[in-house]
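*Asks:* For reference, the file model08.csv (CSV, N, CA and C atoms) is included below:
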```
chain,number,residue,atom,x,y,z
A,47,MET,N,19.1,-30.2,-1.9
A,47,MET,CA,18.0,-30.7,-1.1
A,47,MET,C,18.2,-30.1,0.3
A,48,SER,N,17.2,-29.6,1.0
A,48,SER,CA,17.3,-29.1,2.3
A,48,SER,C,17.4,-30.1,3.4
A,49,THR,N,18.3,-29.9,4.3
A,49,THR,CA,18.5,-30.9,5.4
A,49,THR,C,17.5,-30.8,6.5
A,50,SER,N,16.7,-29.7,6.5
A,50,SER,CA,15.7,-29.5,7.6
A,50,SER,C,14.4,-30.3,7.3
A,51,GLY,N,14.2,-30.7,6.0
A,51,GLY,CA,13.0,-31.5,5.7
A,51,GLY,C,11.8,-30.6,5.5
A,52,ARG,N,11.9,-29.3,5.6
A,52,ARG,CA,10.7,-28.4,5.4
A,52,ARG,C,10.5,-28.1,4.0
A,53,GLY,N,11.5,-28.1,3.2
A,53,GLY,CA,11.3,-27.7,1.7
A,53,GLY,C,11.3,-26.2,1.5
A,54,SER,N,10.9,-25.8,0.4
A,54,SER,CA,10.8,-24.4,0.0
A,54,SER,C,9.6,-23.7,0.7
A,55,ALA,N,9.8,-22.4,0.9
A,55,ALA,CA,8.7,-21.7,1.6
A,55,ALA,C,7.5,-21.6,0.7
A,56,LEU,N,7.7,-21.7,-0.6
A,56,LEU,CA,6.6,-21.7,-1.6
A,56,LEU,C,5.8,-23.0,-1.5
A,57,ALA,N,6.4,-24.1,-1.0
A,57,ALA,CA,5.7,-25.4,-0.9
A,57,ALA,C,4.9,-25.6,0.4
A,58,GLN,N,5.1,-24.6,1.3
A,58,GLN,CA,4.4,-24.7,2.6
A,58,GLN,C,2.9,-24.4,2.4
A,59,PRO,N,2.0,-25.0,3.1
A,59,PRO,CA,0.6,-24.7,3.0
A,59,PRO,C,0.3,-23.3,3.6
A,60,LEU,N,-0.7,-22.6,3.0
A,60,LEU,CA,-1.1,-21.3,3.4
A,60,LEU,C,-1.8,-21.4,4.8
A,61,ARG,N,-1.5,-20.5,5.7
A,61,ARG,CA,-2.2,-20.4,6.9
A,61,ARG,C,-2.8,-19.1,7.1
A,62,PRO,N,-4.0,-19.0,7.7
A,62,PRO,CA,-4.6,-17.6,7.9
A,62,PRO,C,-3.8,-16.9,8.9
A,63,PRO,N,-3.8,-15.5,8.7
A,63,PRO,CA,-3.0,-14.7,9.7
A,63,PRO,C,-3.6,-14.8,11.1
A,64,SER,N,-2.7,-14.5,12.0
A,64,SER,CA,-3.2,-14.5,13.4
A,64,SER,C,-4.2,-13.3,13.6
A,65,ALA,N,-4.9,-13.4,14.7
A,65,ALA,CA,-5.9,-12.3,15.0
A,65,ALA,C,-5.3,-10.9,15.1
A,66,GLY,N,-4.1,-10.9,15.7
A,66,GLY,CA,-3.4,-9.6,15.8
A,66,GLY,C,-3.0,-9.0,14.5
A,67,ARG,N,-2.4,-9.9,13.7
A,67,ARG,CA,-2.0,-9.5,12.3
A,67,ARG,C,-3.1,-9.1,11.4
A,68,ALA,N,-4.3,-9.8,11.5
A,68,ALA,CA,-5.4,-9.5,10.7
A,68,ALA,C,-6.0,-8.1,11.2
A,69,ALA,N,-6.0,-7.8,12.5
A,69,ALA,CA,-6.4,-6.5,13.0
A,69,ALA,C,-5.5,-5.4,12.5
A,70,ALA,N,-4.2,-5.7,12.5
A,70,ALA,CA,-3.2,-4.7,12.0
A,70,ALA,C,-3.4,-4.4,10.5
A,71,LEU,N,-3.6,-5.5,9.7
A,71,LEU,CA,-3.9,-5.3,8.3
A,71,LEU,C,-5.2,-4.5,8.1
A,72,ALA,N,-6.2,-4.8,8.8
A,72,ALA,CA,-7.5,-4.0,8.7
A,72,ALA,C,-7.3,-2.6,9.1
A,73,GLY,N,-6.5,-2.4,10.1
A,73,GLY,CA,-6.2,-1.0,10.5
A,73,GLY,C,-5.4,-0.2,9.5
A,74,LEU,N,-4.5,-0.9,8.9
A,74,LEU,CA,-3.7,-0.3,7.8
A,74,LEU,C,-4.6,0.0,6.6
A,75,PHE,N,-5.6,-0.9,6.3
A,75,PHE,CA,-6.5,-0.6,5.2
A,75,PHE,C,-7.3,0.7,5.5
A,76,VAL,N,-7.8,0.8,6.7
A,76,VAL,CA,-8.6,2.0,7.0
A,76,VAL,C,-7.7,3.3,7.0
A,77,LEU,N,-6.4,3.1,7.5
A,77,LEU,CA,-5.5,4.2,7.5
A,77,LEU,C,-5.2,4.7,6.1
A,78,GLY,N,-5.1,3.7,5.1
A,78,GLY,CA,-4.9,4.0,3.7
A,78,GLY,C,-6.1,4.8,3.2
A,79,ALA,N,-7.3,4.5,3.6
A,79,ALA,CA,-8.5,5.2,3.1
A,79,ALA,C,-8.4,6.6,3.7
A,80,VAL,N,-8.0,6.8,4.9
A,80,VAL,CA,-8.0,8.1,5.5
A,80,VAL,C,-6.9,9.0,4.8
A,81,VAL,N,-5.7,8.4,4.6
A,81,VAL,CA,-4.7,9.1,3.9
A,81,VAL,C,-5.1,9.5,2.5
A,82,ALA,N,-5.9,8.7,1.8
A,82,ALA,CA,-6.4,9.0,0.5
A,82,ALA,C,-7.3,10.2,0.5
A,83,LEU,N,-8.2,10.2,1.5
A,83,LEU,CA,-9.2,11.3,1.6
A,83,LEU,C,-8.5,12.6,1.9
A,84,ALA,N,-7.5,12.5,2.9
A,84,ALA,CA,-6.8,13.7,3.3
A,84,ALA,C,-5.9,14.2,2.1
A,85,GLY,N,-5.3,13.3,1.4
A,85,GLY,CA,-4.5,13.7,0.2
A,85,GLY,C,-5.3,14.3,-0.9
A,86,THR,N,-6.5,13.8,-1.1
A,86,THR,CA,-7.4,14.4,-2.1
A,86,THR,C,-7.7,15.8,-1.8
A,87,LEU,N,-8.0,16.1,-0.5
A,87,LEU,CA,-8.3,17.5,-0.1
A,87,LEU,C,-7.1,18.4,-0.2
A,88,VAL,N,-5.9,17.9,0.3
A,88,VAL,CA,-4.7,18.7,0.4
A,88,VAL,C,-4.1,19.0,-1.0
A,89,GLN,N,-4.1,18.0,-1.9
A,89,GLN,CA,-3.5,18.2,-3.2
A,89,GLN,C,-4.3,19.2,-4.0
A,90,GLY,N,-5.6,19.3,-3.8
A,90,GLY,CA,-6.4,20.3,-4.5
A,90,GLY,C,-6.3,21.7,-3.9
A,91,ALA,N,-6.0,21.7,-2.6
A,91,ALA,CA,-6.1,23.0,-1.9
A,91,ALA,C,-4.7,23.8,-2.1
A,92,TRP,N,-3.6,23.1,-2.0
A,92,TRP,CA,-2.3,23.7,-2.0
A,92,TRP,C,-1.4,23.2,-3.1
A,93,PHE,N,-1.8,23.4,-4.3
A,93,PHE,CA,-0.9,22.8,-5.4
A,93,PHE,C,0.3,23.7,-5.6
A,94,PRO,N,1.4,23.3,-5.8
A,94,PRO,CA,2.0,22.0,-5.9
A,94,PRO,C,2.5,21.4,-4.6
A,95,GLY,N,2.6,22.2,-3.5
A,95,GLY,CA,3.1,21.7,-2.2
A,95,GLY,C,2.2,20.7,-1.6
A,96,GLY,N,0.8,20.8,-1.8
A,96,GLY,CA,-0.1,19.9,-1.3
A,96,GLY,C,0.0,18.5,-2.0
A,97,LEU,N,0.3,18.5,-3.3
A,97,LEU,CA,0.5,17.3,-4.0
A,97,LEU,C,1.7,16.5,-3.5
A,98,LEU,N,2.8,17.2,-3.3
A,98,LEU,CA,4.0,16.6,-2.7
A,98,LEU,C,3.7,16.1,-1.3
A,99,LEU,N,3.0,16.8,-0.5
A,99,LEU,CA,2.7,16.4,0.8
A,99,LEU,C,1.8,15.2,0.8
A,100,ALA,N,0.8,15.2,0.0
A,100,ALA,CA,-0.1,14.0,-0.1
A,100,ALA,C,0.7,12.7,-0.6
A,101,LEU,N,1.5,12.9,-1.6
A,101,LEU,CA,2.3,11.7,-2.0
A,101,LEU,C,3.3,11.3,-1.0
A,102,ALA,N,3.9,12.2,-0.3
A,102,ALA,CA,4.9,11.8,0.8
A,102,ALA,C,4.2,11.1,1.9
A,103,GLY,N,3.0,11.6,2.3
A,103,GLY,CA,2.2,10.9,3.3
A,103,GLY,C,1.8,9.5,2.9
A,104,ALA,N,1.4,9.3,1.7
A,104,ALA,CA,1.0,8.0,1.2
A,104,ALA,C,2.3,7.1,1.2
A,105,ALA,N,3.4,7.6,0.7
A,105,ALA,CA,4.6,6.8,0.7
A,105,ALA,C,5.0,6.4,2.1
A,106,GLY,N,4.9,7.3,3.0
A,106,GLY,CA,5.3,7.0,4.4
A,106,GLY,C,4.4,5.9,5.0
A,107,LEU,N,3.1,6.0,4.7
A,107,LEU,CA,2.2,5.0,5.2
A,107,LEU,C,2.5,3.6,4.6
A,108,PHE,N,2.6,3.6,3.3
A,108,PHE,CA,2.9,2.3,2.6
A,108,PHE,C,4.1,1.7,3.1
A,109,LEU,N,5.2,2.4,3.1
A,109,LEU,CA,6.5,1.8,3.5
A,109,LEU,C,6.6,1.6,5.0
A,110,GLY,N,6.0,2.4,5.7
A,110,GLY,CA,5.9,2.2,7.2
A,110,GLY,C,5.1,1.0,7.5
A,111,GLY,N,4.0,0.7,6.8
A,111,GLY,CA,3.2,-0.5,7.1
A,111,GLY,C,4.0,-1.7,6.7
A,112,ALA,N,4.8,-1.7,5.7
A,112,ALA,CA,5.6,-2.8,5.3
A,112,ALA,C,6.7,-3.1,6.3
A,113,TYR,N,7.3,-2.1,6.9
A,113,TYR,CA,8.4,-2.3,7.9
A,113,TYR,C,7.8,-2.7,9.2
A,114,ALA,N,6.6,-2.1,9.5
A,114,ALA,CA,6.0,-2.4,10.8
A,114,ALA,C,5.6,-3.9,10.9
A,115,LEU,N,5.0,-4.4,9.8
A,115,LEU,CA,4.6,-5.8,9.8
A,115,LEU,C,5.7,-6.8,9.3
A,116,ARG,N,6.8,-6.2,8.8
A,116,ARG,CA,7.9,-7.0,8.3
A,116,ARG,C,7.5,-7.9,7.1
A,117,SER,N,6.6,-7.4,6.3
A,117,SER,CA,6.2,-8.1,5.1
A,117,SER,C,5.6,-7.2,4.1
A,118,ARG,N,5.5,-7.6,2.9
A,118,ARG,CA,4.9,-6.8,1.8
A,118,ARG,C,3.4,-6.6,2.0
A,119,ALA,N,2.8,-7.5,2.8
A,119,ALA,CA,1.4,-7.4,3.1
A,119,ALA,C,1.1,-6.1,3.9
A,120,GLY,N,2.1,-5.7,4.6
A,120,GLY,CA,1.9,-4.4,5.4
A,120,GLY,C,1.9,-3.2,4.5
A,121,ALA,N,2.4,-3.3,3.3
A,121,ALA,CA,2.3,-2.2,2.3
A,121,ALA,C,1.1,-2.4,1.4
A,122,VAL,N,0.7,-3.6,1.1
A,122,VAL,CA,-0.4,-3.9,0.3
A,122,VAL,C,-1.8,-3.5,0.9
A,123,ALA,N,-1.9,-3.7,2.2
A,123,ALA,CA,-3.2,-3.3,2.9
A,123,ALA,C,-3.5,-1.8,2.8
A,124,PRO,N,-2.6,-0.9,3.2
A,124,PRO,CA,-2.9,0.5,3.0
A,124,PRO,C,-3.0,0.9,1.5
A,125,VAL,N,-2.3,0.3,0.6
A,125,VAL,CA,-2.4,0.6,-0.8
A,125,VAL,C,-3.8,0.2,-1.2
A,126,ALA,N,-4.3,-0.9,-0.8
A,126,ALA,CA,-5.7,-1.3,-1.2
A,126,ALA,C,-6.7,-0.3,-0.7
A,127,GLY,N,-6.6,0.1,0.6
A,127,GLY,CA,-7.5,1.2,1.1
A,127,GLY,C,-7.4,2.5,0.4
A,128,TRP,N,-6.2,2.8,0.0
A,128,TRP,CA,-5.9,4.1,-0.7
A,128,TRP,C,-6.6,4.0,-2.1
A,129,ILE,N,-6.4,2.9,-2.8
A,129,ILE,CA,-6.9,2.8,-4.2
A,129,ILE,C,-8.4,2.7,-4.2
A,130,VAL,N,-9.0,2.0,-3.3
A,130,VAL,CA,-10.5,1.9,-3.2
A,130,VAL,C,-11.1,3.3,-2.9
A,131,THR,N,-10.5,4.0,-2.0
A,131,THR,CA,-11.0,5.3,-1.7
A,131,THR,C,-10.9,6.3,-2.8
A,132,VAL,N,-9.7,6.3,-3.4
A,132,VAL,CA,-9.5,7.2,-4.6
A,132,VAL,C,-10.4,6.9,-5.7
A,133,MET,N,-10.6,5.7,-6.0
A,133,MET,CA,-11.5,5.3,-7.1
A,133,MET,C,-13.0,5.7,-6.8
A,134,LEU,N,-13.4,5.5,-5.5
A,134,LEU,CA,-14.7,6.0,-5.1
A,134,LEU,C,-14.9,7.5,-5.2
A,135,LEU,N,-13.8,8.2,-4.9
A,135,LEU,CA,-13.9,9.7,-4.9
A,135,LEU,C,-13.8,10.2,-6.4
A,136,THR,N,-13.3,9.4,-7.3
A,136,THR,CA,-13.3,9.9,-8.7
A,136,THR,C,-14.6,9.8,-9.4
A,137,ALA,N,-15.5,8.9,-8.8
A,137,ALA,CA,-16.8,8.8,-9.4
A,137,ALA,C,-17.6,10.0,-9.1
A,138,GLY,N,-18.3,10.5,-10.1
A,138,GLY,CA,-19.2,11.6,-9.8
A,138,GLY,C,-20.5,11.2,-9.1
A,139,ARG,N,-21.1,12.1,-8.4
A,139,ARG,CA,-22.4,11.8,-7.7
A,139,ARG,C,-23.5,12.2,-8.6
A,140,PRO,N,-24.7,11.7,-8.3
A,140,PRO,CA,-25.9,12.1,-9.1
A,140,PRO,C,-26.2,13.6,-9.0
A,141,GLU,N,-25.8,14.3,-8.0
A,141,GLU,CA,-26.0,15.7,-7.8
A,141,GLU,C,-25.0,16.5,-8.7
A,142,GLY,N,-24.0,15.9,-9.2
A,142,GLY,CA,-23.0,16.6,-10.0
A,142,GLY,C,-21.7,16.9,-9.2
A,143,ASP,N,-21.7,16.6,-7.9
A,143,ASP,CA,-20.5,16.9,-7.1
A,143,ASP,C,-19.4,15.9,-7.4
A,144,PHE,N,-18.2,16.3,-7.2
A,144,PHE,CA,-17.0,15.4,-7.4
A,144,PHE,C,-15.9,16.0,-6.6
A,145,MET,N,-14.9,15.1,-6.2
A,145,MET,CA,-13.8,15.5,-5.4
A,145,MET,C,-12.6,16.0,-6.2
A,146,PHE,N,-12.5,15.4,-7.4
A,146,PHE,CA,-11.3,15.7,-8.3
A,146,PHE,C,-11.7,16.6,-9.4
A,147,GLY,N,-10.9,17.7,-9.6
A,147,GLY,CA,-11.1,18.5,-10.7
A,147,GLY,C,-10.4,17.9,-11.9
A,148,ALA,N,-10.7,18.5,-13.1
A,148,ALA,CA,-10.0,18.0,-14.3
A,148,ALA,C,-8.7,18.7,-14.6
A,149,GLY,N,-7.8,18.7,-13.6
A,149,GLY,CA,-6.5,19.4,-13.8
A,149,GLY,C,-5.4,18.5,-13.7
A,150,ALA,N,-4.2,19.0,-14.0
A,150,ALA,CA,-3.0,18.2,-13.9
A,150,ALA,C,-2.7,17.7,-12.5
A,151,GLY,N,-3.0,18.5,-11.5
A,151,GLY,CA,-2.8,18.0,-10.1
A,151,GLY,C,-3.5,16.8,-9.8
A,152,SER,N,-4.7,16.7,-10.2
A,152,SER,CA,-5.5,15.5,-9.9
A,152,SER,C,-4.9,14.2,-10.6
A,153,TYR,N,-4.5,14.4,-11.8
A,153,TYR,CA,-4.0,13.3,-12.6
A,153,TYR,C,-2.6,12.9,-12.0
A,154,LEU,N,-1.8,13.9,-11.6
A,154,LEU,CA,-0.5,13.6,-10.9
A,154,LEU,C,-0.7,12.9,-9.6
A,155,PHE,N,-1.8,13.2,-8.9
A,155,PHE,CA,-2.1,12.6,-7.6
A,155,PHE,C,-2.5,11.1,-7.8
A,156,LEU,N,-3.3,10.9,-8.8
A,156,LEU,CA,-3.8,9.5,-9.1
A,156,LEU,C,-2.6,8.6,-9.6
A,157,LEU,N,-1.9,9.1,-10.6
A,157,LEU,CA,-0.9,8.3,-11.2
A,157,LEU,C,0.4,8.2,-10.3
A,158,GLY,N,0.7,9.4,-9.7
A,158,GLY,CA,1.8,9.4,-8.7
A,158,GLY,C,1.6,8.5,-7.5
A,159,GLY,N,0.3,8.5,-7.0
A,159,GLY,CA,0.0,7.6,-5.9
A,159,GLY,C,0.1,6.2,-6.3
A,160,MET,N,-0.3,5.8,-7.5
A,160,MET,CA,-0.2,4.4,-7.9
A,160,MET,C,1.3,4.0,-8.1
A,161,ALA,N,2.1,4.9,-8.6
A,161,ALA,CA,3.5,4.6,-8.8
A,161,ALA,C,4.2,4.5,-7.4
A,162,VAL,N,3.8,5.4,-6.5
A,162,VAL,CA,4.4,5.3,-5.1
A,162,VAL,C,4.0,4.0,-4.5
A,163,ALA,N,2.8,3.5,-4.7
A,163,ALA,CA,2.3,2.3,-4.1
A,163,ALA,C,3.1,1.1,-4.7
A,164,VAL,N,3.4,1.1,-6.0
A,164,VAL,CA,4.1,0.0,-6.5
A,164,VAL,C,5.6,0.0,-6.0
A,165,ILE,N,6.2,1.2,-5.9
A,165,ILE,CA,7.5,1.3,-5.4
A,165,ILE,C,7.6,0.8,-4.0
A,166,CYS,N,6.7,1.3,-3.2
A,166,CYS,CA,6.8,0.9,-1.7
A,166,CYS,C,6.5,-0.5,-1.5
A,167,ALA,N,5.6,-1.1,-2.3
A,167,ALA,CA,5.3,-2.5,-2.1
A,167,ALA,C,6.5,-3.4,-2.6
A,168,THR,N,7.3,-2.9,-3.6
A,168,THR,CA,8.4,-3.6,-4.1
A,168,THR,C,9.6,-3.4,-3.1
A,169,LEU,N,9.8,-2.2,-2.5
A,169,LEU,CA,10.9,-2.0,-1.6
A,169,LEU,C,10.7,-2.6,-0.2
A,170,GLY,N,9.5,-2.8,0.1
A,170,GLY,CA,9.2,-3.3,1.4
A,170,GLY,C,9.8,-4.7,1.7
A,171,PRO,N,10.1,-5.0,2.9
A,171,PRO,CA,10.7,-6.3,3.2
A,171,PRO,C,9.8,-7.5,2.9
A,172,GLY,N,10.4,-8.4,2.1
A,172,GLY,CA,9.6,-9.6,1.8
A,172,GLY,C,10.0,-10.7,2.7
A,173,ARG,N,9.4,-11.9,2.5
A,173,ARG,CA,9.7,-13.1,3.3
A,173,ARG,C,11.1,-13.5,3.0
A,174,GLN,N,11.9,-13.7,4.0
A,174,GLN,CA,13.3,-14.1,3.9
A,174,GLN,C,13.4,-15.6,4.1
A,175,PRO,N,14.2,-16.3,3.3
A,175,PRO,CA,14.4,-17.7,3.5
A,175,PRO,C,15.2,-18.0,4.8
A,176,ASP,N,14.9,-19.1,5.4
A,176,ASP,CA,15.6,-19.5,6.7
A,176,ASP,C,17.1,-19.8,6.3
A,177,GLY,N,17.9,-20.0,7.3
A,177,GLY,CA,19.3,-20.2,7.1
A,177,GLY,C,19.7,-21.4,6.4
A,178,SER,N,18.9,-22.5,6.5
A,178,SER,CA,19.3,-23.7,5.9
A,178,SER,C,19.0,-23.7,4.4
A,179,SER,N,18.0,-23.0,3.9
A,179,SER,CA,17.7,-23.0,2.5
A,179,SER,C,18.3,-21.8,1.8
A,180,ALA,N,19.0,-20.9,2.6
A,180,ALA,CA,19.6,-19.7,2.0
A,180,ALA,C,20.9,-20.1,1.3
A,181,ARG,N,21.5,-21.2,1.7
A,181,ARG,CA,22.8,-21.5,1.1
A,181,ARG,C,22.6,-22.1,-0.3
A,182,LEU,N,23.5,-21.7,-1.2
A,182,LEU,CA,23.3,-22.2,-2.6
A,182,LEU,C,23.8,-23.6,-2.6
A,183,GLY,N,23.0,-24.4,-3.4
A,183,GLY,CA,23.4,-25.7,-3.7
A,183,GLY,C,23.1,-26.7,-2.6
A,184,LYS,N,22.4,-26.3,-1.6
A,184,LYS,CA,22.1,-27.2,-0.5
A,184,LYS,C,20.6,-27.3,-0.3
```
Translate the structure described by the file into structure tokens.
*Replies:*
Amino acid sequence: MSTSGRGSALAQPLRPPSAGRAAALAGLFVLGAVVALAGTLVQGAWFPGGLLLALAGAAGLFLGGAYALRSRAGAVAPVAGWIVTVMLLTAGRPEGDFMFGAGAGSYLFLLGGMAVAVICATLGPGRQPDGSSARLGK
């Protein structure tokens, strides 16, 4: 039993994020969309170096967002922007135009980007317990 009376972090009520944190998350979402668009263009233009550059840029944004906000939400916001943008770009237009060709590079960008997103969201710093509840048996 915790001596502080607060209980587990999971038992605490959810609070909306502050205005600054919400703005940072929205900015990271937009930045994720920009990185997805740039990665789409670069991976197709300079294969295989462009693919590695696009995935490295996405990984840097995802992990950087997690460390900047000191939470996994900092990684999830740009991941969401990246995935939404990539999915919109994979859809063909009525005119027949599309951003992704049917090649190995495009599939590696899609699947590799999703794998990088999961890895970065997992490696990002999560919520840490406070000192009183961190001790075992107390």
*Asks:* At a cut-off of 7 Å, using all atoms listed in the file, what residues contact Leu77 of chain A? Leave out same-chain residues fewer than 6 positions from it and give the result as a list in words.
*Replies:*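 Near neighbours after the sequence-gap exclusion: Pro124, Gly127 and Trp128 of chain A.
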*Asks:* Nearest to Pro94 of chain A among A:Ile165, A:Leu134, A:Val81, A:Gly151, with distances taken over all atoms listed in the file: which residue is it?
*Replies:*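 The closest residue to Pro94 of chain A is A:Gly151.
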*Asks:* Give me, please, the distance in Å between atom CA of Gly120 of chain A and atom CA of Leu71 of chain A, quoted to one decimal.
*Replies:*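 Going from atom CA of Gly120 of chain A over to atom CA of Leu71 of chain A, I get 6.5 Å.
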*Asks:* To one decimal in Å, tell me the separation between atom CA of Gly96 of chain A and atom C of Phe108 of chain A.
*Replies:*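 For atom CA of Gly96 of chain A relative to atom C of Phe108 of chain A, the distance reads 19.2 Å.
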*Asks:* Quote the spacing between atom N of Ala91 of chain A and atom N of Ser152 of chain A in Å to one decimal place.
*Replies:*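 Interatomic distance, atom N of Ala91 of chain A to atom N of Ser152 of chain A: 9.2 Å.
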*Asks:* For Gly78 of chain A, which residue out of A:Leu98, A:Ala161, A:Ala123, A:Ala167 is the nearest one, using all atoms listed in the file?
*Replies:* A:Ala123
*Asks:* Using all atoms listed in the file, which residue out of A:Leu156, A:Ala79, A:Ala112, A:Val130 lies closest to Leu169 of chain A?
*Replies:*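 Distance minimum relative to Leu169 of chain A lands on A:Ala112.
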*Asks:* Which protein, DNA or RNA residues have an atom at most 7 Å from (-5.5, 14.8, -6.5), counting all atoms listed in the file? List them as a PDB file with N, CA and C atoms, keeping the file's coordinate frame.
*Replies:*
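Heads up, here's the output in out20.pdb:
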```
ATOM      1  N   GLY A  85      -5.300  13.300   1.400  1.00  0.00           N
ATOM      2  CA  GLY A  85      -4.500  13.700   0.200  1.00  0.00           C
ATOM      3  C   GLY A  85      -5.300  14.300  -0.900  1.00  0.00           C
ATOM      4  N   THR A  86      -6.500  13.800  -1.100  1.00  0.00           N
ATOM      5  CA  THR A  86      -7.400  14.400  -2.100  1.00  0.00           C
ATOM      6  C   THR A  86      -7.700  15.800  -1.800  1.00  0.00           C
ATOM      7  N   LEU A  87      -8.000  16.100  -0.500  1.00  0.00           N
ATOM      8  CA  LEU A  87      -8.300  17.500  -0.100  1.00  0.00           C
ATOM      9  C   LEU A  87      -7.100  18.400  -0.200  1.00  0.00           C
ATOM     10  N   GLN A  89      -4.100  18.000  -1.900  1.00  0.00           N
ATOM     11  CA  GLN A  89      -3.500  18.200  -3.200  1.00  0.00           C
ATOM     12  C   GLN A  89      -4.300  19.200  -4.000  1.00  0.00           C
ATOM     13  N   GLY A  90      -5.600  19.300  -3.800  1.00  0.00           N
ATOM     14  CA  GLY A  90      -6.400  20.300  -4.500  1.00  0.00           C
ATOM     15  C   GLY A  90      -6.300  21.700  -3.900  1.00  0.00           C
ATOM     16  N   LEU A  97       0.300  18.500  -3.300  1.00  0.00           N
ATOM     17  CA  LEU A  97       0.500  17.300  -4.000  1.00  0.00           C
ATOM     18  C   LEU A  97       1.700  16.500  -3.500  1.00  0.00           C
ATOM     19  N   PHE A 146     -12.500  15.400  -7.400  1.00  0.00           N
ATOM     20  CA  PHE A 146     -11.300  15.700  -8.300  1.00  0.00           C
ATOM     21  C   PHE A 146     -11.700  16.600  -9.400  1.00  0.00           C
ATOM     22  N   GLY A 147     -10.900  17.700  -9.600  1.00  0.00           N
ATOM     23  CA  GLY A 147     -11.100  18.500 -10.700  1.00  0.00           C
ATOM     24  C   GLY A 147     -10.400  17.900 -11.900  1.00  0.00           C
ATOM     25  N   GLY A 151      -3.000  18.500 -11.500  1.00  0.00           N
ATOM     26  CA  GLY A 151      -2.800  18.000 -10.100  1.00  0.00           C
ATOM     27  C   GLY A 151      -3.500  16.800  -9.800  1.00  0.00           C
ATOM     28  N   SER A 152      -4.700  16.700 -10.200  1.00  0.00           N
ATOM     29  CA  SER A 152      -5.500  15.500  -9.900  1.00  0.00           C
ATOM     30  C   SER A 152      -4.900  14.200 -10.600  1.00  0.00           C
ATOM     31  N   TYR A 153      -4.500  14.400 -11.800  1.00  0.00           N
ATOM     32  CA  TYR A 153      -4.000  13.300 -12.600  1.00  0.00           C
ATOM     33  C   TYR A 153      -2.600  12.900 -12.000  1.00  0.00           C
ATOM     34  N   LEU A 154      -1.800  13.900 -11.600  1.00  0.00           N
ATOM     35  CA  LEU A 154      -0.500  13.600 -10.900  1.00  0.00           C
ATOM     36  C   LEU A 154      -0.700  12.900  -9.600  1.00  0.00           C
ATOM     37  N   PHE A 155      -1.800  13.200  -8.900  1.00  0.00           N
ATOM     38  CA  PHE A 155      -2.100  12.600  -7.600  1.00  0.00           C
ATOM     39  C   PHE A 155      -2.500  11.100  -7.800  1.00  0.00           C
ATOM     40  N   LEU A 156      -3.300  10.900  -8.800  1.00  0.00           N
ATOM     41  CA  LEU A 156      -3.800   9.500  -9.100  1.00  0.00           C
ATOM     42  C   LEU A 156      -2.600   8.600  -9.600  1.00  0.00           C
TER      43      LEU A 156
END
```
*Asks:* Compare A:Ala114, A:Ala84, A:Leu60, A:Ile129 by their minimum atom-to-atom distance to Leu99 of chain A, counting all atoms listed in the file, and give me the closest one.
*Replies:*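 Of A:Ala114, A:Ala84, A:Leu60, A:Ile129, the one nearest Leu99 of chain A is A:Ala84, counting all atoms listed in the file.
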*Asks:* What lies within 7 Å of Gly170 of chain A using only N, CA and C atoms, ignoring chain neighbours under 4 positions off, as an NGL selection string?
*Replies:* :A and (109 or 112-113 or 116-118 or 165-166)
*Asks:* Would you list, as JSON, numbers by chain, the residues of segment 72-157 of chain A that end up in helix (DSSP H, G or I) under DSSP run on this structure's backbone?
*Replies:* {"A": [72, 73, 74, 75, 76, 77, 78, 79, 80, 81, 82, 83, 84, 85, 86, 87, 88, 89, 90, 91, 95, 96, 97, 98, 99, 100, 101, 102, 103, 104, 105, 106, 107, 108, 109, 110, 111, 112, 113, 114, 115, 119, 120, 121, 122, 123, 124, 125, 126, 127, 128, 129, 130, 131, 132, 133, 134, 135, 136, 150, 151, 152, 153, 154, 155, 156, 157]}
*Asks:* Go through A:Val76, A:Gly66, A:Pro59, A:Gly149 one by one, measure the shortest atom-to-atom distance of each to Ala126 of chain A using only N, CA and C atoms, and give the residue with the smallest value.
*Replies:*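 Of the candidates, the smallest distance to Ala126 of chain A is held by A:Val76.
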